[in-house]
Amino acid sequence: LELYEIKSVSLSIYIKFNSNLLNFVLVACGQYFTLCLSTKGELISWGLNTNGQLGIGDFENSSRPHRLKGLEDKVFVQIACGTKHCLALT
């Protein structure tokens, strides 16, 4: 059995969203969708949406980033994704 050392890596991720460049601190991926958490606590998602996992109010797939509907006034601190779902903590 070999042991490997795991080191933390820090990088900045920027995505252009509605003419603004947003900086993200966390990215989580499901089977065919992505959820990102911005430095301001905003959630952005895109990808396959057959189960409503994007949180944008419908079941349409999206190749463009969208803010989650009805949660614009919340500040999120953590995100996670499963195969067909996502979780976000305030």
# chains A, B, ... in the order shown; residues from 1 in each chain; ligands from 1
>>> residues_around(residues="A:Phe59", least_positions_apart="5", cutoff="9 Å", atoms="only C-alpha atoms", output="mmCIF file with all heavy atoms, in the first residue's frame")
data_model
loop_
_atom_site.group_PDB
_atom_site.id
_atom_site.type_symbol
_atom_site.label_atom_id
_atom_site.label_comp_id
_atom_site.auth_asym_id
_atom_site.auth_seq_id
_atom_site.Cartn_x
_atom_site.Cartn_y
_atom_site.Cartn_z
ATOM 1 N N LEU A 48 -27.047 20.314 -17.467
ATOM 2 C CA LEU A 48 -28.249 19.497 -17.585
ATOM 3 C C LEU A 48 -29.179 19.813 -16.421
ATOM 4 O O LEU A 48 -28.734 19.986 -15.288
ATOM 5 C CB LEU A 48 -27.858 18.016 -17.573
ATOM 6 C CG LEU A 48 -28.941 17.027 -17.943
ATOM 7 C CD1 LEU A 48 -29.290 17.161 -19.425
ATOM 8 C CD2 LEU A 48 -28.484 15.616 -17.641
ATOM 9 N N ASN A 49 -30.484 19.888 -16.695
ATOM 10 C CA ASN A 49 -31.448 20.317 -15.677
ATOM 11 C C ASN A 49 -32.699 19.447 -15.675
ATOM 12 O O ASN A 49 -33.783 19.905 -15.361
ATOM 13 C CB ASN A 49 -31.805 21.789 -15.917
ATOM 14 C CG ASN A 49 -32.520 22.415 -14.740
ATOM 15 O OD1 ASN A 49 -32.256 22.084 -13.596
ATOM 16 N ND2 ASN A 49 -33.423 23.327 -15.029
ATOM 17 N N THR A 50 -32.581 18.177 -16.028
ATOM 18 C CA THR A 50 -33.752 17.306 -16.150
ATOM 19 C C THR A 50 -34.497 17.098 -14.841
ATOM 20 O O THR A 50 -35.675 16.762 -14.845
ATOM 21 C CB THR A 50 -33.346 15.927 -16.710
ATOM 22 O OG1 THR A 50 -32.290 15.402 -15.898
ATOM 23 C CG2 THR A 50 -32.858 16.050 -18.136
ATOM 24 N N ASN A 51 -33.850 17.294 -13.704
ATOM 25 C CA ASN A 51 -34.483 17.135 -12.397
ATOM 26 C C ASN A 51 -34.616 18.458 -11.646
ATOM 27 O O ASN A 51 -34.881 18.465 -10.459
ATOM 28 C CB ASN A 51 -33.673 16.146 -11.547
ATOM 29 C CG ASN A 51 -33.667 14.766 -12.150
ATOM 30 O OD1 ASN A 51 -34.691 14.121 -12.236
ATOM 31 N ND2 ASN A 51 -32.510 14.334 -12.610
ATOM 32 N N GLY A 52 -34.385 19.575 -12.332
ATOM 33 C CA GLY A 52 -34.459 20.881 -11.679
ATOM 34 C C GLY A 52 -33.253 21.187 -10.823
ATOM 35 O O GLY A 52 -33.271 22.112 -10.016
ATOM 36 N N GLN A 53 -32.161 20.437 -10.998
ATOM 37 C CA GLN A 53 -30.989 20.592 -10.146
ATOM 38 C C GLN A 53 -30.275 21.927 -10.299
ATOM 39 O O GLN A 53 -29.488 22.307 -9.442
ATOM 40 C CB GLN A 53 -30.001 19.430 -10.355
ATOM 41 C CG GLN A 53 -29.433 19.300 -11.744
ATOM 42 C CD GLN A 53 -30.188 18.326 -12.622
ATOM 43 O OE1 GLN A 53 -31.404 18.318 -12.662
ATOM 44 N NE2 GLN A 53 -29.454 17.523 -13.362
ATOM 45 N N LEU A 54 -30.567 22.669 -11.362
ATOM 46 C CA LEU A 54 -29.939 23.984 -11.525
ATOM 47 C C LEU A 54 -30.581 25.055 -10.645
ATOM 48 O O LEU A 54 -30.001 26.104 -10.412
ATOM 49 C CB LEU A 54 -29.987 24.435 -12.989
ATOM 50 C CG LEU A 54 -29.228 23.576 -13.992
ATOM 51 C CD1 LEU A 54 -29.314 24.209 -15.381
ATOM 52 C CD2 LEU A 54 -27.796 23.366 -13.583
#
>>> select_by_dssp(residues="stretch 7-84 of chain A", states="strand (DSSP E)", output="ChimeraX atom specification")
/A:13-17,20-29,33-38,43-47,62-67,78-81
>>> residues_around(residues="stretch 14-25 of chain A", least_positions_apart="5", cutoff="8 Å", atoms="only C-alpha atoms", output="list in words")
Cys36, Leu37, Ser38, Thr39 and Pro65 of chain A
>>> closest_residue(among="A:Ile44, A:Leu71, A:Ile56, A:Ala28", to="A:Thr83", atoms="only C-alpha atoms")
A:Ala28
>>> residues_around(residues="A:Gly30", least_positions_apart="2", cutoff="7 Å", atoms="only C-alpha atoms", output="list in words")
Ala28, Tyr32, Phe33, Thr34, Cys81, Gly82, Thr83 and Lys84 of chain A
>>> closest_residue(among="A:Leu35, A:Ile13, A:Leu43, A:Cys29", to="A:Asp73", atoms="only C-alpha atoms")
A:Leu43
